[in-house]
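Structure first, commentary second.
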Amino acid sequence: MDYSRLQIVGVKSQLEMQSLDVMSMNDDEQIDERNGGHVPSFCIGIGNVLCRSIKTVVLSKKFNLLIPFGPVAILVQKWTGHNGWVFILGLLGIMPLAERLGYTTEQLAFYSGPTVGGLLNATFGNATELIISIYALRIGKIRVVQLSLLGSLLSNLLFVLGCAFLSGGLVNKEQLFNKATAVVNSGLLLMAVMGLVFPAFLHSTHTEVHFGISELALSRFSSCVMLPAYLASIFFQLKNLNDLEGILVGDNSDHEEEDEDEAPEISKWESVIWLAIMAAAISILSEYLVDAIEGASLAWGVPVAFISVILLPIGGNTAAVTTSVMFAMKNKLDVSLGVAIGSSTQISMFLIPFCVVVGWIFERPVDLNFGLFETATLFMTVMFVAFLMQEGTSTYFKGLMLLFSYVMVSASYFVHQDPLSA
């Protein structure tokens, strides 16, 4: 009886195994039929990675809903040619692209270490301004190059830094920051202002040795001095500044614990690809923005200087505002200063001289004479910011002063008719 029972159980188990095999074969056939045949597994993996990457980079923030305004601006230019609408729509479309460009740069910096990551952030931090300037320079709109870079400087020093001081002061009351870094950046900004003041005064006083030649020669020589000075400042800050400041070990351990919670959201190659995509999109949209400036000025009855100095930098400084405010509210004011003051230092000591040298190579008369009125506003702004940072502390009232100063600067450009734009 036991033997026969064992045989019956063995036969049942064989039948069950055969039925399972048949069911698995049927399931595989159904999967192949649904997928239209044999689909390689790596294709499914690439599709999943692509969907996840798009969701993380493009669909993760509501602010990115402004991205379609860019293509709409191009269509409006093709169909109607109304430069006022093209400029507004293009500006709205370039704002999230600039913010995502900064995001992908930060993601790439996770894989590069602190030194290379700092260089990446410094290099791509003002990529939008650089792209706009190169295109304007290529089509011969030298004054747009000067005014847009000047506007980025004023916006970073007054608006971005003011928002950081105000938000950080409201949350944390009084905040401390690295005074040594602020002093170095203030010195670089004053050096850049010196490079702009001399050609402007030389032109306004008509004391050139060779009219029309000495001013341009001085600008090119000063640019060749400012570029290596900026590179030396990067080396100095990355290598030696921590030793001069004497950072406490306890503070470093706290920052390390906070940094451990931060991790990259996309891979290294995803960061590189998205960085290229965002830069290409910004370069395309910047062409329509620059071409629409003069038409928008005529349509609105607003000076070209106001559009170039006040409105145009809004697109490039969107990421700077959000980043500086976020870190200031987290009581990481040094990061906010690195965004606002560090970006201003890069524009004044690198981008402006770089445009002069590039114009020299392509036989464009780009000089450092930004005009007497423009140079005066920059000089007063740099002196005001340097005065506020000399104590190494920030409060919400200092942020209010910076923001009110930016309102006054904006009003002055609204009533200023630039003679060099004619």
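Residues are named by chain letter and number: chains run A, B, ... in the order of the structure tokens, numbers start at 1 in each chain, and ligands are numbered from 1 in the order shown.
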
- Item | Neighbour list for Val58 of chain A as a list in words, cut-off 10 Å, only C-alpha atoms, skip fewer than 5 positions in-chain |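 Non-adjacent residues within range: Arg52, Ser53, Phe63, Asn64, Leu65, Ile67, Pro96, Leu97, Arg100 and Trp274 of chain A.
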
field: Close residues, Phe362 of chain A itself excluded, 12 Å, only C-alpha atoms, min 6 positions apart in chain, as a list in words
entry: Ile134, Leu137, Arg138, Ile139, Gly140, Cys355 and Val356 of chain A

Near segment 158-166 of chain A, within 10 Å and counting only C-alpha atoms, which residues show up once chain neighbours fewer than 6 positions away are dropped, as a PyMOL selection string?
-> chain A and resi 152+172-175+317-329+333+336-341+381-382+384-385+393-407+409

Practice prompt. Can you work out which one of A:Glu106, A:Ser148, A:Phe414, A:Gly315 has the shortest atom-to-atom distance to Leu66 of chain A, counting only C-alpha atoms?
Written response: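 Of all the options, A:Gly315 lies closest to Leu66 of chain A.
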